[in-house]
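Below is run07.pdb, holding PDB, C-alpha atoms.
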```pdb
ATOM      1  CA  MET I   1     118.675   0.446  40.588
ATOM      2  CA  ARG I   2     117.717   2.353  43.714
ATOM      3  CA  LEU I   3     120.157   4.843  45.189
ATOM      4  CA  PHE I   4     120.475   2.979  48.513
ATOM      5  CA  ARG I   5     121.896  -0.002  46.623
ATOM      6  CA  LEU I   6     124.428   2.116  44.726
ATOM      7  CA  ILE I   7     125.834   3.938  47.747
ATOM      8  CA  PRO I   8     127.312   0.839  49.433
ATOM      9  CA  LEU I   9     128.702  -0.413  46.131
ATOM     10  CA  TYR I  10     130.339   2.938  45.415
ATOM     11  CA  MET I  11     131.740   3.114  48.946
ATOM     12  CA  ALA I  12     133.086  -0.431  48.773
ATOM     13  CA  LEU I  13     134.803   0.333  45.461
ATOM     14  CA  ALA I  14     136.157   3.649  46.745
ATOM     15  CA  LEU I  15     137.548   1.919  49.833
ATOM     16  CA  GLY I  16     138.984  -0.947  47.856
ATOM     17  CA  ALA I  17     136.333  -3.238  49.378
ATOM     18  CA  ASN I  18     138.264  -3.171  52.652
ATOM     19  CA  ALA I  19     135.750  -4.613  55.136
ATOM     20  CA  ALA I  20     137.440  -2.975  58.126
ATOM     21  CA  LEU I  21     137.051   0.462  56.568
ATOM     22  CA  ALA I  22     133.638  -0.169  55.026
ATOM     23  CA  THR I  23     131.939  -0.631  58.382
ATOM     24  CA  ASP I  24     133.459   2.066  60.553
ATOM     25  CA  ALA I  25     131.443   4.950  61.936
ATOM     26  CA  GLU I  26     132.847   7.456  59.447
ATOM     27  CA  THR I  27     131.641   5.337  56.537
ATOM     28  CA  LEU I  28     128.162   4.706  57.950
ATOM     29  CA  ALA I  29     127.566   8.243  59.281
ATOM     30  CA  PRO I  30     126.788   9.838  55.885
ATOM     31  CA  LEU I  31     124.182   7.132  55.213
ATOM     32  CA  ARG I  32     122.058   8.267  58.165
ATOM     33  CA  ASP I  33     119.056  10.333  57.147
ATOM     34  CA  GLY I  34     115.590  11.088  58.529
ATOM     35  CA  THR I  35     114.894   9.177  61.741
ATOM     36  CA  LEU I  36     118.132   7.231  61.262
ATOM     37  CA  LYS I  37     120.088  10.417  62.023
ATOM     38  CA  ARG I  38     119.518   9.418  65.657
ATOM     39  CA  LEU I  39     121.508   6.204  65.114
ATOM     40  CA  ILE I  40     124.510   6.469  67.441
ATOM     41  CA  LEU I  41     127.556   4.977  65.730
ATOM     42  CA  HIS I  42     130.297   3.915  68.129
ATOM     43  CA  LYS I  43     133.843   4.893  67.181
ATOM     44  CA  GLU I  44     135.038   1.613  68.691
ATOM     45  CA  PRO I  45     132.969  -1.590  68.894
ATOM     46  CA  LYS I  46     131.665  -2.286  72.403
ATOM     47  CA  PRO I  47     131.751  -5.841  73.734
ATOM     48  CA  VAL I  48     128.297  -7.245  74.497
ATOM     49  CA  ASN I  49     127.666  -9.417  77.555
ATOM     50  CA  VAL I  50     126.501 -12.860  76.563
ATOM     51  CA  VAL I  51     123.289 -13.263  78.558
ATOM     52  CA  GLU I  52     120.619 -15.866  77.900
ATOM     53  CA  PHE I  53     117.097 -15.127  76.746
ATOM     54  CA  GLN I  54     114.033 -17.314  76.336
ATOM     55  CA  LEU I  55     113.397 -18.799  72.902
ATOM     56  CA  GLU I  56     109.885 -18.538  71.507
ATOM     57  CA  ASP I  57     107.381 -21.234  72.407
ATOM     58  CA  ASP I  58     109.731 -24.079  73.424
ATOM     59  CA  GLY I  59     111.038 -22.638  76.689
ATOM     60  CA  GLY I  60     114.662 -23.184  75.685
ATOM     61  CA  THR I  61     117.327 -20.521  75.914
ATOM     62  CA  GLY I  62     119.513 -18.714  73.442
ATOM     63  CA  SER I  63     122.116 -15.970  73.587
ATOM     64  CA  LEU I  64     123.740 -13.423  71.334
ATOM     65  CA  ALA I  65     126.669 -15.827  70.969
ATOM     66  CA  ASP I  66     124.343 -17.927  68.778
ATOM     67  CA  TYR I  67     124.504 -15.147  66.164
ATOM     68  CA  LYS I  68     128.285 -14.775  65.868
ATOM     69  CA  GLY I  69     129.468 -14.481  62.304
ATOM     70  CA  LYS I  70     126.639 -12.212  61.143
ATOM     71  CA  TYR I  71     125.400  -8.699  61.722
ATOM     72  CA  VAL I  72     122.399  -8.594  64.036
ATOM     73  CA  LEU I  73     119.767  -5.907  64.337
ATOM     74  CA  LEU I  74     118.612  -6.509  67.919
ATOM     75  CA  ASN I  75     115.294  -4.856  68.715
ATOM     76  CA  PHE I  76     114.095  -4.569  72.314
ATOM     77  CA  TRP I  77     110.316  -4.105  72.358
ATOM     78  CA  ALA I  78     107.096  -4.847  74.262
ATOM     79  CA  THR I  79     103.494  -5.615  73.337
ATOM     80  CA  TRP I  80     102.246  -2.460  75.112
ATOM     81  CA  CYS I  81     104.721  -0.189  73.250
ATOM     82  CA  ALA I  82     102.921   1.938  70.619
ATOM     83  CA  PRO I  83     106.109   2.936  68.725
ATOM     84  CA  CYS I  84     107.043  -0.765  68.615
ATOM     85  CA  ARG I  85     103.763  -1.508  66.848
ATOM     86  CA  LYS I  86     104.653   1.078  64.200
ATOM     87  CA  GLU I  87     108.225  -0.028  63.551
ATOM     88  CA  MET I  88     107.966  -3.830  63.840
ATOM     89  CA  PRO I  89     106.585  -4.316  60.275
ATOM     90  CA  GLN I  90     109.413  -2.099  59.007
ATOM     91  CA  ILE I  91     111.999  -4.190  60.833
ATOM     92  CA  ALA I  92     110.400  -7.291  59.310
ATOM     93  CA  GLU I  93     111.047  -5.745  55.875
ATOM     94  CA  LEU I  94     114.781  -5.626  56.677
ATOM     95  CA  GLN I  95     114.716  -9.330  57.519
ATOM     96  CA  ASP I  96     112.886 -10.072  54.252
ATOM     97  CA  GLU I  97     115.380  -8.120  52.193
ATOM     98  CA  PHE I  98     118.683  -8.803  53.944
ATOM     99  CA  GLY I  99     118.169 -11.798  56.253
ATOM    100  CA  GLY I 100     120.450 -14.748  55.708
ATOM    101  CA  ASP I 101     123.891 -15.980  56.658
ATOM    102  CA  LYS I 102     125.320 -12.424  56.960
ATOM    103  CA  PHE I 103     122.464 -10.547  58.653
ATOM    104  CA  GLU I 104     119.565 -11.320  60.937
ATOM    105  CA  VAL I 105     116.927  -9.400  62.830
ATOM    106  CA  LEU I 106     116.528 -10.549  66.430
ATOM    107  CA  THR I 107     113.534  -9.288  68.402
ATOM    108  CA  LEU I 108     113.398  -9.561  72.192
ATOM    109  CA  ALA I 109     110.132  -8.847  73.981
ATOM    110  CA  THR I 110     111.406  -7.266  77.178
ATOM    111  CA  GLY I 111     109.616  -7.449  80.517
ATOM    112  CA  ARG I 112     106.113  -8.792  81.039
ATOM    113  CA  ASN I 113     104.888 -10.033  77.678
ATOM    114  CA  SER I 114     102.921 -13.265  77.559
ATOM    115  CA  PRO I 115     103.638 -15.655  74.690
ATOM    116  CA  ALA I 116      99.955 -15.350  73.702
ATOM    117  CA  GLY I 117     100.210 -11.540  73.745
ATOM    118  CA  ILE I 118     103.360 -11.632  71.617
ATOM    119  CA  LYS I 119     101.724 -13.979  69.104
ATOM    120  CA  LYS I 120      98.662 -11.701  68.963
ATOM    121  CA  PHE I 121     100.903  -8.637  68.429
ATOM    122  CA  PHE I 122     102.718 -10.367  65.560
ATOM    123  CA  ASP I 123      99.456 -11.620  64.019
ATOM    124  CA  GLU I 124      97.814  -8.167  64.189
ATOM    125  CA  ASN I 125     100.853  -6.601  62.518
ATOM    126  CA  GLY I 126     101.358  -9.294  59.866
ATOM    127  CA  ILE I 127     104.778 -10.307  61.220
ATOM    128  CA  THR I 128     105.644 -13.836  60.130
ATOM    129  CA  ASN I 129     109.413 -13.736  59.651
ATOM    130  CA  LEU I 130     110.754 -12.544  63.024
ATOM    131  CA  PRO I 131     111.446 -14.525  66.180
ATOM    132  CA  ARG I 132     109.199 -14.092  69.200
ATOM    133  CA  HIS I 133     111.974 -14.466  71.757
ATOM    134  CA  GLN I 134     111.569 -13.063  75.263
ATOM    135  CA  ASP I 135     113.618 -11.376  77.949
ATOM    136  CA  PRO I 136     110.976 -11.654  80.721
ATOM    137  CA  SER I 137     113.214 -10.673  83.624
ATOM    138  CA  GLN I 138     114.966  -8.003  81.521
ATOM    139  CA  THR I 139     118.335  -9.664  82.080
ATOM    140  CA  VAL I 140     119.585  -8.957  78.558
ATOM    141  CA  ALA I 141     118.062  -5.461  78.575
ATOM    142  CA  ARG I 142     119.809  -4.581  81.854
ATOM    143  CA  ALA I 143     123.126  -6.036  80.686
ATOM    144  CA  MET I 144     122.900  -3.863  77.574
ATOM    145  CA  GLY I 145     121.787  -0.660  79.310
ATOM    146  CA  VAL I 146     118.272  -0.597  77.852
ATOM    147  CA  VAL I 147     116.279   2.005  79.793
ATOM    148  CA  GLY I 148     113.253   2.496  77.548
ATOM    149  CA  LEU I 149     111.549   0.956  74.535
ATOM    150  CA  PRO I 150     112.028   0.545  71.697
ATOM    151  CA  ILE I 151     115.797   0.394  71.498
ATOM    152  CA  THR I 152     117.564  -1.142  68.531
ATOM    153  CA  VAL I 153     121.197  -2.239  68.660
ATOM    154  CA  ILE I 154     123.390  -3.275  65.735
ATOM    155  CA  ILE I 155     125.884  -5.994  66.616
ATOM    156  CA  ASP I 156     128.836  -6.929  64.411
ATOM    157  CA  PRO I 157     129.839 -10.499  63.447
ATOM    158  CA  ASP I 158     132.312 -10.596  66.353
ATOM    159  CA  GLY I 159     129.496  -9.946  68.854
ATOM    160  CA  ASN I 160     130.237  -6.273  69.519
ATOM    161  CA  GLU I 161     127.770  -3.407  69.587
ATOM    162  CA  ILE I 162     128.596  -0.940  66.824
ATOM    163  CA  ALA I 163     125.466   1.240  66.833
ATOM    164  CA  ARG I 164     122.343   2.006  68.869
ATOM    165  CA  LEU I 165     119.100   3.843  68.235
ATOM    166  CA  ILE I 166     116.915   4.929  71.128
ATOM    167  CA  GLY I 167     113.247   5.193  70.185
ATOM    168  CA  ASP I 168     111.510   4.197  67.000
ATOM    169  CA  ALA I 169     112.788   4.785  63.502
ATOM    170  CA  GLU I 170     111.783   4.190  59.912
ATOM    171  CA  TRP I 171     113.621   0.911  59.512
ATOM    172  CA  ASN I 172     112.282   0.431  55.972
ATOM    173  CA  SER I 173     113.705   3.774  54.782
ATOM    174  CA  ASP I 174     116.369   4.074  52.102
ATOM    175  CA  SER I 175     118.761   5.236  54.833
ATOM    176  CA  ALA I 176     118.237   2.129  56.983
ATOM    177  CA  LYS I 177     118.563  -0.132  53.960
ATOM    178  CA  ALA I 178     121.776   1.620  52.866
ATOM    179  CA  ILE I 179     123.294   1.087  56.307
ATOM    180  CA  ILE I 180     122.348  -2.599  56.449
ATOM    181  CA  SER I 181     123.379  -3.167  52.849
ATOM    182  CA  THR I 182     126.801  -1.619  53.549
ATOM    183  CA  LEU I 183     127.284  -3.880  56.556
ATOM    184  CA  VAL I 184     126.185  -6.998  54.682
ATOM    185  CA  GLU I 185     128.479  -6.178  51.751
ATOM    186  CA  ALA I 186     131.393  -5.651  54.136
ATOM    187  CA  ASN I 187     130.733  -9.114  55.588
ATOM    188  CA  SER I 188     131.015 -10.752  52.151
TER     189      SER I 188
END
```
Transcribe the structure of this file into structure tokens.
Amino acid sequence: MRLFRLIPLYMALALGANAALATDAETLAPLRDGTLKRLILHKEPKPVNVVEFQLEDDGGTGSLADYKGKYVLLNFWATWCAPCRKEMPQIAELQDEFGGDKFEVLTLATGRNSPAGIKKFFDENGITNLPRHQDPSQTVARAMGVVGLPITVIIDPDGNEIARLIGDAEWNSDSAKAIISTLVEANS
């Protein structure tokens, strides 16, 4: 068994599997390594404004409220963003490994990104398991204080921001997987 799978189990046992303790910043902080050391863990969850975004292809709308009850890794990106091209396949790996009723990756193409350009970006990078949702007028990005790309935000099951990473990261690293695994286990 890989180390990143043992760490959350050990921590859950050591904490008596108390979900409130298992997900706080002090518990997640030691799991950060490499590029994930830049993950800012909030001491207190921050409420997130519920702003609508455009769903892929059908022109409908969705919001972060649609994801209540699960942890969400929200990635703000754009087709012209070189670091986004590097990290998107890694983020897709997290969805493959952890996606389900307790965790989901949500990608929002922010700003001017045509649906055809987004589809081409996903096709060129072999991304088949992530949504191609859009935030064309940057309404969600502005509401969440996104000032550059990529930015990745972790939202708890109650709809609060608990962590944020500015810039790209190695989202398929053992560190990233340990953090997500700990959150998913705490939501069991």
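As for atom CA of I:Ser181 and atom CA of I:Thr110, they are spaced 27.4 Å apart.
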Residues near stretch 142-147 of chain I, cut-off 9 Å, all atoms listed in the file, skip fewer than 6 positions along chain, as a list of chain:residue names: I:Val48, I:Asn49, I:Val50, I:Val51, I:Phe76, I:Ile166
Those same residues, written as a PDB file, keeping the file's coordinate frame with C-alpha atoms?
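Here's the written file again-v3.pdb:
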```pdb
ATOM      1  CA  VAL I  48     128.297  -7.245  74.497  1.00  0.00           C
ATOM      2  CA  ASN I  49     127.666  -9.417  77.555  1.00  0.00           C
ATOM      3  CA  VAL I  50     126.501 -12.860  76.563  1.00  0.00           C
ATOM      4  CA  VAL I  51     123.289 -13.263  78.558  1.00  0.00           C
ATOM      5  CA  PHE I  76     114.095  -4.569  72.314  1.00  0.00           C
ATOM      6  CA  ILE I 166     116.915   4.929  71.128  1.00  0.00           C
TER       7      ILE I 166
END
```
Distance query I:Leu36 at most 10 Å, all atoms listed in the file, self and fewer than 4 positions along chain excluded, as a ChimeraX atom specification: /I:29,31-32,40,165,168-171,173-176,179
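You will find atom CA of I:Gly62 at 14.2 Å from atom CA of I:Gln138.
Closest to I:Gly100 among I:Gly117, I:Gly167, I:Gly69, I:Gly60 is I:Gly69, based on all atoms listed in the file.
For the choices I:Ile91, I:Leu183, I:Cys84, I:Ala178, the atom-to-atom distance to I:Ile162 is smallest for I:Leu183 when using only C-alpha atoms.
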